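**Student:** File name entry.txt; file contents compact mmCIF, C-alpha atoms; full text below.
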```
# COMPACT_ATOMS: atom_id res chain seq x y z
CA MET A 16 -2.02 -13.93 -8.08
CA ALA A 17 -2.03 -15.93 -11.31
CA GLY A 18 1.69 -15.90 -11.98
CA LYS A 19 2.91 -17.00 -8.59
CA ARG A 20 3.45 -20.59 -7.59
CA ARG A 21 1.66 -21.83 -4.50
CA ARG A 22 3.65 -21.56 -1.28
CA ASP A 23 3.94 -24.80 0.68
CA ASP A 24 5.47 -25.71 4.02
CA THR A 25 8.93 -26.39 2.59
CA ASP A 26 9.50 -22.89 1.22
CA ASN A 27 7.53 -20.90 3.79
CA PRO A 28 10.16 -18.54 5.29
CA ARG A 29 8.08 -18.04 8.43
CA ARG A 30 7.09 -21.60 9.19
CA GLU A 31 8.62 -21.40 12.65
CA GLY A 32 6.70 -18.27 13.65
CA ILE A 33 3.63 -16.39 12.52
CA PRO A 34 3.02 -17.40 8.88
CA LEU A 35 2.48 -15.17 5.93
CA ILE A 36 -1.21 -14.99 5.07
CA PRO A 37 -1.66 -16.81 1.75
CA THR A 38 -2.76 -14.71 -1.21
CA THR A 39 -3.34 -17.49 -3.76
CA LEU A 40 -6.08 -20.07 -3.89
CA ASN A 41 -5.96 -23.59 -5.24
CA PRO A 42 -8.52 -24.73 -7.87
CA ASN A 43 -10.55 -26.73 -5.34
CA TRP A 44 -11.00 -23.69 -3.10
CA THR A 45 -11.92 -21.53 -6.11
CA GLN A 46 -14.68 -23.98 -6.96
CA LEU A 47 -15.92 -23.99 -3.36
CA LYS A 48 -15.92 -20.19 -3.26
CA ALA A 49 -18.00 -20.08 -6.44
CA LYS A 50 -20.54 -22.42 -4.88
CA LEU A 51 -20.73 -20.36 -1.70
CA ASN A 52 -21.29 -17.15 -3.66
CA SER A 53 -23.99 -18.60 -5.87
CA HIS A 54 -27.60 -17.66 -5.29
CA THR A 55 -28.68 -21.29 -5.37
CA ARG A 56 -30.09 -22.39 -2.03
CA ARG A 57 -28.53 -25.54 -0.73
CA ARG A 58 -29.18 -27.55 2.38
CA THR A 59 -26.58 -27.71 5.10
CA HIS A 60 -24.74 -31.02 5.35
CA PHE A 61 -25.56 -31.31 9.04
CA LYS A 62 -28.36 -33.66 9.97
CA PRO A 63 -31.42 -31.74 11.15
CA GLU A 64 -32.45 -32.09 14.77
CA ALA A 65 -35.62 -33.91 15.71
CA LYS A 66 -38.77 -31.94 14.90
CA ILE A 67 -39.81 -30.15 18.06
CA THR A 68 -41.42 -26.88 18.99
CA GLN A 69 -40.02 -23.91 17.07
CA VAL A 70 -39.47 -20.71 19.01
CA ARG A 71 -38.76 -17.47 17.21
CA VAL A 72 -35.95 -15.39 18.68
CA SER A 73 -35.39 -11.73 17.88
CA GLY A 74 -33.01 -12.11 14.97
CA GLY A 75 -32.79 -15.88 14.99
CA GLU A 76 -34.51 -19.18 15.50
CA TYR A 77 -33.73 -22.19 17.63
CA SER A 78 -35.34 -25.42 18.62
CA ASP A 79 -36.51 -25.59 22.18
CA ASN A 80 -38.29 -28.13 24.32
CA PRO A 81 -41.69 -26.80 25.47
CA GLU A 82 -40.96 -27.98 28.99
CA VAL A 83 -39.19 -25.06 30.66
CA THR A 84 -37.50 -24.84 34.05
CA GLU A 85 -37.93 -22.06 36.61
CA ASP A 86 -34.82 -20.23 35.36
CA GLY A 87 -36.37 -19.92 31.90
CA THR A 88 -34.14 -22.46 30.14
CA SER A 89 -35.29 -25.74 28.65
CA SER A 90 -35.26 -28.79 30.89
CA THR A 91 -33.32 -30.73 28.27
CA LEU A 92 -30.49 -29.58 26.04
CA ALA A 93 -31.87 -27.38 23.28
CA SER A 94 -30.08 -26.85 19.99
CA PHE A 95 -29.90 -23.82 17.75
CA LYS A 96 -31.27 -24.27 14.26
CA PRO A 97 -30.60 -22.14 11.18
CA VAL A 98 -33.27 -19.64 10.18
CA ASN A 99 -33.40 -21.22 6.71
CA ASP A 100 -31.38 -23.54 4.48
CA ASP A 101 -29.49 -20.81 2.60
CA CYS A 102 -25.77 -21.69 2.72
CA SER A 103 -24.53 -18.67 0.78
CA LEU A 104 -21.69 -16.49 2.00
CA THR A 105 -23.19 -13.46 3.78
CA GLY A 106 -21.90 -10.07 4.85
CA ALA A 107 -21.61 -11.26 8.45
CA VAL A 108 -20.21 -14.62 9.51
CA ALA A 109 -19.71 -16.14 12.96
CA MET A 110 -16.66 -18.21 13.87
CA ASP A 111 -15.71 -20.59 16.66
CA CYS A 112 -12.63 -22.76 17.15
CA GLU A 113 -11.87 -25.84 19.22
CA MET A 114 -8.35 -26.22 20.53
CA VAL A 115 -6.10 -29.00 21.78
CA GLY A 116 -3.01 -28.79 23.96
CA VAL A 117 0.56 -29.02 22.68
CA GLY A 118 3.91 -28.85 24.44
CA SER A 119 5.26 -31.01 27.25
CA ASP A 120 2.38 -30.19 29.59
CA GLY A 121 -0.30 -29.55 26.97
CA SER A 122 -0.83 -26.00 28.17
CA ARG A 123 -0.28 -24.27 24.83
CA ASN A 124 -3.26 -23.97 22.50
CA ALA A 125 -3.29 -25.36 18.97
CA LEU A 126 -6.15 -25.19 16.50
CA ALA A 127 -7.97 -28.49 15.98
CA ARG A 128 -11.33 -27.45 14.49
CA VAL A 129 -12.77 -24.27 13.02
CA THR A 130 -16.36 -23.53 12.04
CA LEU A 131 -17.92 -20.60 10.23
CA VAL A 132 -21.67 -20.07 10.00
CA ASN A 133 -23.41 -17.50 7.84
CA ALA A 134 -25.96 -14.89 8.94
CA TRP A 135 -28.72 -17.51 8.89
CA GLY A 136 -26.83 -19.97 11.10
CA ASN A 137 -25.88 -22.42 8.36
CA ALA A 138 -22.37 -23.87 8.52
CA ILE A 139 -20.42 -22.73 5.45
CA TYR A 140 -17.05 -24.05 6.65
CA ASP A 141 -16.28 -26.76 9.19
CA GLU A 142 -12.87 -28.44 9.21
CA TYR A 143 -10.68 -30.39 11.60
CA VAL A 144 -7.12 -29.10 11.56
CA ARG A 145 -3.83 -30.96 11.95
CA PRO A 146 -1.65 -29.06 14.45
CA LEU A 147 1.97 -28.28 13.60
CA GLU A 148 3.13 -29.95 16.82
CA ALA A 149 2.32 -33.28 18.39
CA VAL A 150 -0.83 -33.15 20.49
CA SER A 151 -0.11 -33.84 24.16
CA ASP A 152 -3.66 -33.22 25.42
CA PHE A 153 -6.73 -33.60 23.23
CA ARG A 154 -8.92 -32.01 25.93
CA SER A 155 -11.68 -34.22 24.56
CA ASN A 156 -14.04 -33.61 27.48
CA ILE A 157 -14.18 -29.96 26.39
CA SER A 158 -13.01 -29.78 22.79
CA GLY A 159 -14.78 -32.93 21.60
CA VAL A 160 -11.66 -33.63 19.50
CA ARG A 161 -10.13 -37.11 19.41
CA ALA A 162 -7.15 -38.64 17.67
CA HIS A 163 -9.17 -40.12 14.80
CA HIS A 164 -10.54 -36.67 13.91
CA LEU A 165 -7.05 -35.43 13.07
CA LYS A 166 -5.76 -38.39 11.05
CA LYS A 167 -7.04 -36.99 7.77
CA ALA A 168 -7.45 -33.38 8.90
CA LYS A 169 -6.38 -30.46 6.73
CA ASP A 170 -3.06 -28.76 7.45
CA LEU A 171 -3.07 -25.44 9.28
CA TRP A 172 -1.86 -23.35 6.35
CA SER A 173 -4.64 -24.59 4.05
CA VAL A 174 -7.28 -23.87 6.67
CA GLN A 175 -5.74 -20.49 7.43
CA LYS A 176 -5.94 -19.57 3.75
CA ASP A 177 -9.57 -20.71 3.50
CA VAL A 178 -10.69 -18.82 6.59
CA SER A 179 -8.75 -15.70 5.60
CA GLU A 180 -10.56 -15.59 2.27
CA LEU A 181 -13.98 -16.23 3.85
CA ILE A 182 -13.80 -13.51 6.49
CA LYS A 183 -12.08 -10.87 4.37
CA GLY A 184 -14.18 -7.72 4.13
CA ARG A 185 -16.94 -9.19 6.30
CA ILE A 186 -18.27 -8.61 9.80
CA LEU A 187 -16.82 -11.33 12.02
CA VAL A 188 -18.95 -12.45 14.96
CA GLY A 189 -17.80 -14.65 17.83
CA HIS A 190 -17.01 -14.93 21.52
CA ALA A 191 -13.48 -14.04 22.68
CA LEU A 192 -12.41 -13.88 19.05
CA GLN A 193 -8.85 -12.88 19.96
CA ASN A 194 -8.24 -16.50 21.02
CA ASP A 195 -9.61 -17.93 17.78
CA LEU A 196 -7.68 -15.52 15.58
CA LYS A 197 -4.50 -16.19 17.56
CA VAL A 198 -4.47 -19.95 16.87
CA LEU A 199 -5.26 -19.22 13.20
CA PHE A 200 -2.36 -16.72 13.05
CA LEU A 201 -4.77 -14.21 11.53
CA SER A 202 -5.95 -10.70 12.27
CA HIS A 203 -9.16 -8.88 11.38
CA PRO A 204 -10.01 -5.16 11.26
CA LYS A 205 -11.32 -4.02 14.63
CA LYS A 206 -14.15 -2.11 12.94
CA ASP A 207 -15.46 -5.39 11.51
CA ILE A 208 -15.35 -7.43 14.74
CA ARG A 209 -18.49 -8.09 16.79
CA ASP A 210 -17.32 -9.91 19.91
CA THR A 211 -20.05 -10.97 22.33
CA SER A 212 -17.52 -11.10 25.16
CA ALA A 213 -16.64 -7.43 24.65
CA TYR A 214 -20.06 -5.89 23.97
CA LYS A 215 -20.88 -3.84 27.08
CA PRO A 216 -24.57 -4.88 27.49
CA LEU A 217 -23.43 -8.53 27.52
CA ARG A 218 -20.75 -8.07 30.18
CA SER A 219 -21.21 -8.40 33.93
CA LYS A 220 -22.15 -5.47 36.18
CA ALA A 221 -18.47 -5.23 37.07
CA GLY A 222 -17.62 -4.96 33.37
CA ARG A 223 -16.10 -8.43 33.05
CA PRO A 224 -16.69 -10.81 30.12
CA ARG A 225 -19.31 -13.49 30.71
CA ALA A 226 -19.19 -17.09 29.55
CA LEU A 227 -20.95 -17.85 26.28
CA ARG A 228 -22.90 -20.68 27.92
CA ASP A 229 -24.29 -18.27 30.54
CA LEU A 230 -25.29 -15.69 27.94
CA SER A 231 -26.95 -18.35 25.81
CA ALA A 232 -28.93 -19.77 28.73
CA GLU A 233 -29.97 -16.40 30.17
CA ILE A 234 -30.69 -14.42 27.00
CA LEU A 235 -31.57 -17.04 24.40
CA GLY A 236 -32.92 -19.73 26.72
CA VAL A 237 -30.67 -22.42 25.22
CA LYS A 238 -28.22 -24.50 27.23
CA ILE A 239 -24.88 -25.17 25.54
CA GLN A 240 -21.50 -26.59 26.57
CA GLU A 241 -23.02 -28.83 29.23
CA LYS A 242 -20.64 -31.57 28.13
CA GLU A 243 -18.29 -31.48 25.15
CA HIS A 244 -18.26 -28.22 23.20
CA CYS A 245 -19.44 -28.04 19.61
CA SER A 246 -17.97 -25.29 17.44
CA VAL A 247 -21.08 -25.22 15.23
CA GLU A 248 -23.38 -24.68 18.19
CA ASP A 249 -21.06 -22.12 19.82
CA ALA A 250 -20.77 -20.13 16.57
CA ARG A 251 -24.55 -20.12 16.26
CA ALA A 252 -24.94 -18.97 19.86
CA ALA A 253 -22.67 -15.98 19.25
CA LEU A 254 -24.46 -15.27 15.97
CA PHE A 255 -27.94 -15.25 17.52
CA LEU A 256 -26.75 -13.04 20.37
CA TYR A 257 -25.44 -10.60 17.78
CA ARG A 258 -28.67 -10.75 15.79
CA LYS A 259 -30.72 -10.14 18.92
CA PHE A 260 -28.74 -6.97 19.76
CA LYS A 261 -27.79 -6.03 16.19
CA LYS A 262 -29.88 -2.86 15.92
CA GLU A 263 -28.56 -1.33 19.15
CA TRP A 264 -25.05 -2.70 18.61
CA GLU A 265 -24.63 -1.22 15.14
CA LYS A 266 -26.21 2.06 16.24
CA SER A 267 -23.68 2.41 19.08
CA ILE A 268 -20.82 1.78 16.64
CA ARG A 269 -22.12 4.42 14.21
CA GLU A 270 -22.50 6.95 17.02
CA LYS A 271 -18.99 6.24 18.29
CA ARG A 272 -17.51 6.70 14.82
CA LYS A 273 -19.47 9.90 14.32
CA LYS A 274 -18.24 11.24 17.65
CA VAL A 275 -14.64 10.49 16.70
CA SER A 276 -15.02 12.12 13.28
CA LEU A 277 -16.37 15.30 14.88
CA GLN A 278 -13.40 15.66 17.23
CA PRO A 279 -10.98 18.43 16.23
CA ASN A 280 -7.85 17.34 14.42
CA ARG A 281 -5.10 17.68 17.02
CA ALA A 282 -2.41 17.55 14.36
CA SER A 283 -3.62 20.81 12.82
```
Can you give me the file's structure in the form of structure tokens?

**Tutor:**
Amino acid sequence: MAGKRRRDDTDNPRREGIPLIPTTLNPNWTQLKAKLNSHTRRRTHFKPEAKITQVRVSGGEYSDNPEVTEDGTSSTLASFKPVNDDCSLTGAVAMDCEMVGVGSDGSRNALARVTLVNAWGNAIYDEYVRPLEAVSDFRSNISGVRAHHLKKAKDLWSVQKDVSELIKGRILVGHALQNDLKVLFLSHPKKDIRDTSAYKPLRSKAGRPRALRDLSAEILGVKIQEKEHCSVEDARAALFLYRKFKKEWEKSIREKRKKVSLQPNRAS
């Protein structure tokens, strides 16, 4: 709101626990938001992968090596590519976070990087985050995060405010999103969440969640997370899984809501 001064760490009454979600934006973020909402097409700041065979996926596109193994995946690491170069803010966005360990044994998660991609797979937000506590385990072999990444990283509250504004009122796609939202100290309406770990057709026969890397290899034919994780690639994997099943997924949600609305009101 225009009349309120910006809350910082020193006067945040809930700094020790779950923070208040910011409601004001600084001028720099306002400018960024205006750019994201513009209709001007802009190229993503990520360097494009080498030009190789393009394979069209139902609802997405990714680069794939034409040499394929017996299990249907590429013989070398394939990388997802955006459908186009439109970096505008869309009605659905996919998110993925990388975490480091804090505490004496490094077992507690702390946010170290967060990425959001739009419905076309273009990264619209990608920031390293400075944890509130000292990092005791960078988990670099998985997270890909190292000490130098966090030296000039943004503080958690600034990133939280940015992400909160970006996902507000939008469909949020991801894999095991409860973990990402937890380290961001954010929540999101259940009706607007599309979690590839919870969608029944993507779970195991026993009804258990499957790893994103397994779903990507089996359904999209792209190997991910073979070494260090990349939040951009993981967000795109979840996005393209959603796009592939979007028609059936959204239909099942509509039918479920309709069924609930037709149930008699027990309070009457």

**Student:** Go through A:Ile186, A:Leu147, A:Ala252, A:Leu126 and flag the residue nearest Leu199 (chain A), using all atoms listed in the file for the distances.

**Tutor:**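 Under the stated criterion, the closest residue is A:Leu126.
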
**Student:** Using only C-alpha atoms, which protein or nucleic acid residues come within 7 Å of region 128-131 of chain A? Drop anything in the same chain fewer than 2 positions from it, and give the result as a VMD selection string.

**Tutor:** chain A and resid 108 to 114 126 133 138 to 144 246 to 247 250

**Student:** As an NGL selection string, please: the residues near region 201-203 of chain A (cut-off 12 Å, all atoms listed in the file, same-chain neighbours under 3 positions excluded).

**Tutor:** :A and (33-37 or 171-172 or 174-188 or 192-198 or 206-210)

**Student:** With region 94-100 of chain A as the partner and 9 Å as the cut-off, tabulate the residues of region 112-209 of chain A that qualify, each row holding the nearest pair of atoms and their distance in Å to one decimal, using all atoms listed in the file, sorted by chain and rising number, as a tab-separated table.

**Tutor:**
```
residue	atom	partner	partner_atom	distance
A:Ala134	CA	A:Val98	CA	8.8
A:Trp135	CA	A:Val98	CA	5.2
A:Gly136	CA	A:Pro97	CA	4.4
A:Asn137	CA	A:Pro97	CA	5.5
A:Ala138	CA	A:Pro97	CA	8.8
```

**Student:** How many Å separate CA of Tyr214 (chain A) from CA of Leu230 (chain A)?

**Tutor:** 11.8 Å

**Student:** So how far away is CA of Ser151 (chain A) from CA of His163 (chain A), in Å?

**Tutor:**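 Between CA of His163 (chain A) and CA of Ser151 (chain A) the gap works out to 14.5 Å.
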
**Student:** Considering all atoms listed in the file, return as a list of chain:residue names whatever protein or nucleic-acid residues lie within 9 Å of Pro146 (chain A), sequence-local ones (same chain, fewer than 4 positions apart) excluded.

**Tutor:**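 What passes the distance filter is A:Val115, A:Val117, A:Ala125, A:Leu126, A:Ala127, A:Val150, A:Leu165, A:Asp170, A:Leu171.
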
**Student:** With only C-alpha atoms as the basis for distance, which of A:Arg123, A:Arg251, A:Arg225, A:Arg272 is at the shortest distance from Ile239 (chain A)?

**Tutor:**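 Using only C-alpha atoms, Ile239 (chain A) sits closest to A:Arg251.
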
**Student:** Of the residues A:Asp152, A:Val132, A:Ser267, A:Ala213, which is the one nearest to Asp101 (chain A), using all atoms listed in the file?

**Tutor:** A:Val132

**Student:** When you draw a straight line from CA of Glu265 (chain A) to CA of Lys220 (chain A), how long is it in Å?

**Tutor:** 21.6 Å

**Student:** Here is a test: counting all atoms listed in the file, which residue of A:Glu263, A:Ser276, A:Arg145, A:Ala191 is nearest to Ala162 (chain A)?

**Tutor:** A:Arg145

**Student:** Model the absent atoms of region 177-197 of chain A so that N, CA and C atoms are present, and write the result as a compact mmCIF listing (two decimals), in the coordinates of the input.

**Tutor:**
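See out24.txt below for the written result:
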```
# COMPACT_ATOMS: atom_id res chain seq x y z
N ASP A 177 -8.12 -20.64 3.72
CA ASP A 177 -9.57 -20.71 3.50
C ASP A 177 -10.31 -19.69 4.37
N VAL A 178 -10.00 -19.70 5.66
CA VAL A 178 -10.69 -18.82 6.59
C VAL A 178 -10.40 -17.36 6.27
N SER A 179 -9.14 -17.06 5.94
CA SER A 179 -8.75 -15.70 5.60
C SER A 179 -9.57 -15.17 4.44
N GLU A 180 -9.78 -16.01 3.45
CA GLU A 180 -10.56 -15.59 2.27
C GLU A 180 -12.04 -15.42 2.63
N LEU A 181 -12.56 -16.29 3.49
CA LEU A 181 -13.98 -16.23 3.85
C LEU A 181 -14.34 -15.01 4.68
N ILE A 182 -13.47 -14.61 5.59
CA ILE A 182 -13.80 -13.51 6.49
C ILE A 182 -13.37 -12.14 5.96
N LYS A 183 -12.60 -12.13 4.90
CA LYS A 183 -12.08 -10.87 4.37
C LYS A 183 -13.22 -9.95 3.95
N GLY A 184 -13.19 -8.72 4.49
CA GLY A 184 -14.18 -7.72 4.13
C GLY A 184 -15.55 -7.95 4.74
N ARG A 185 -15.65 -8.87 5.70
CA ARG A 185 -16.94 -9.19 6.30
C ARG A 185 -16.94 -8.92 7.80
N ILE A 186 -18.13 -8.74 8.35
CA ILE A 186 -18.27 -8.61 9.80
C ILE A 186 -18.04 -9.99 10.39
N LEU A 187 -17.15 -10.06 11.38
CA LEU A 187 -16.82 -11.33 12.02
C LEU A 187 -17.40 -11.34 13.43
N VAL A 188 -18.27 -12.31 13.68
CA VAL A 188 -18.95 -12.45 14.96
C VAL A 188 -18.36 -13.64 15.71
N GLY A 189 -18.28 -13.53 17.02
CA GLY A 189 -17.80 -14.65 17.83
C GLY A 189 -17.69 -14.26 19.28
N HIS A 190 -17.18 -15.17 20.09
CA HIS A 190 -17.01 -14.93 21.52
C HIS A 190 -15.54 -15.10 21.87
N ALA A 191 -14.92 -14.05 22.40
CA ALA A 191 -13.48 -14.04 22.68
C ALA A 191 -12.70 -14.36 21.41
N LEU A 192 -12.99 -13.62 20.37
CA LEU A 192 -12.41 -13.88 19.05
C LEU A 192 -10.89 -13.76 19.02
N GLN A 193 -10.31 -13.02 19.96
CA GLN A 193 -8.85 -12.88 19.96
C GLN A 193 -8.18 -14.24 20.12
N ASN A 194 -8.81 -15.16 20.83
CA ASN A 194 -8.24 -16.50 21.02
C ASN A 194 -8.32 -17.32 19.74
N ASP A 195 -9.44 -17.20 19.03
CA ASP A 195 -9.61 -17.93 17.78
C ASP A 195 -8.65 -17.41 16.70
N LEU A 196 -8.57 -16.10 16.59
CA LEU A 196 -7.68 -15.52 15.58
C LEU A 196 -6.21 -15.84 15.88
N LYS A 197 -5.88 -15.91 17.16
CA LYS A 197 -4.50 -16.19 17.56
C LYS A 197 -4.04 -17.57 17.08
```
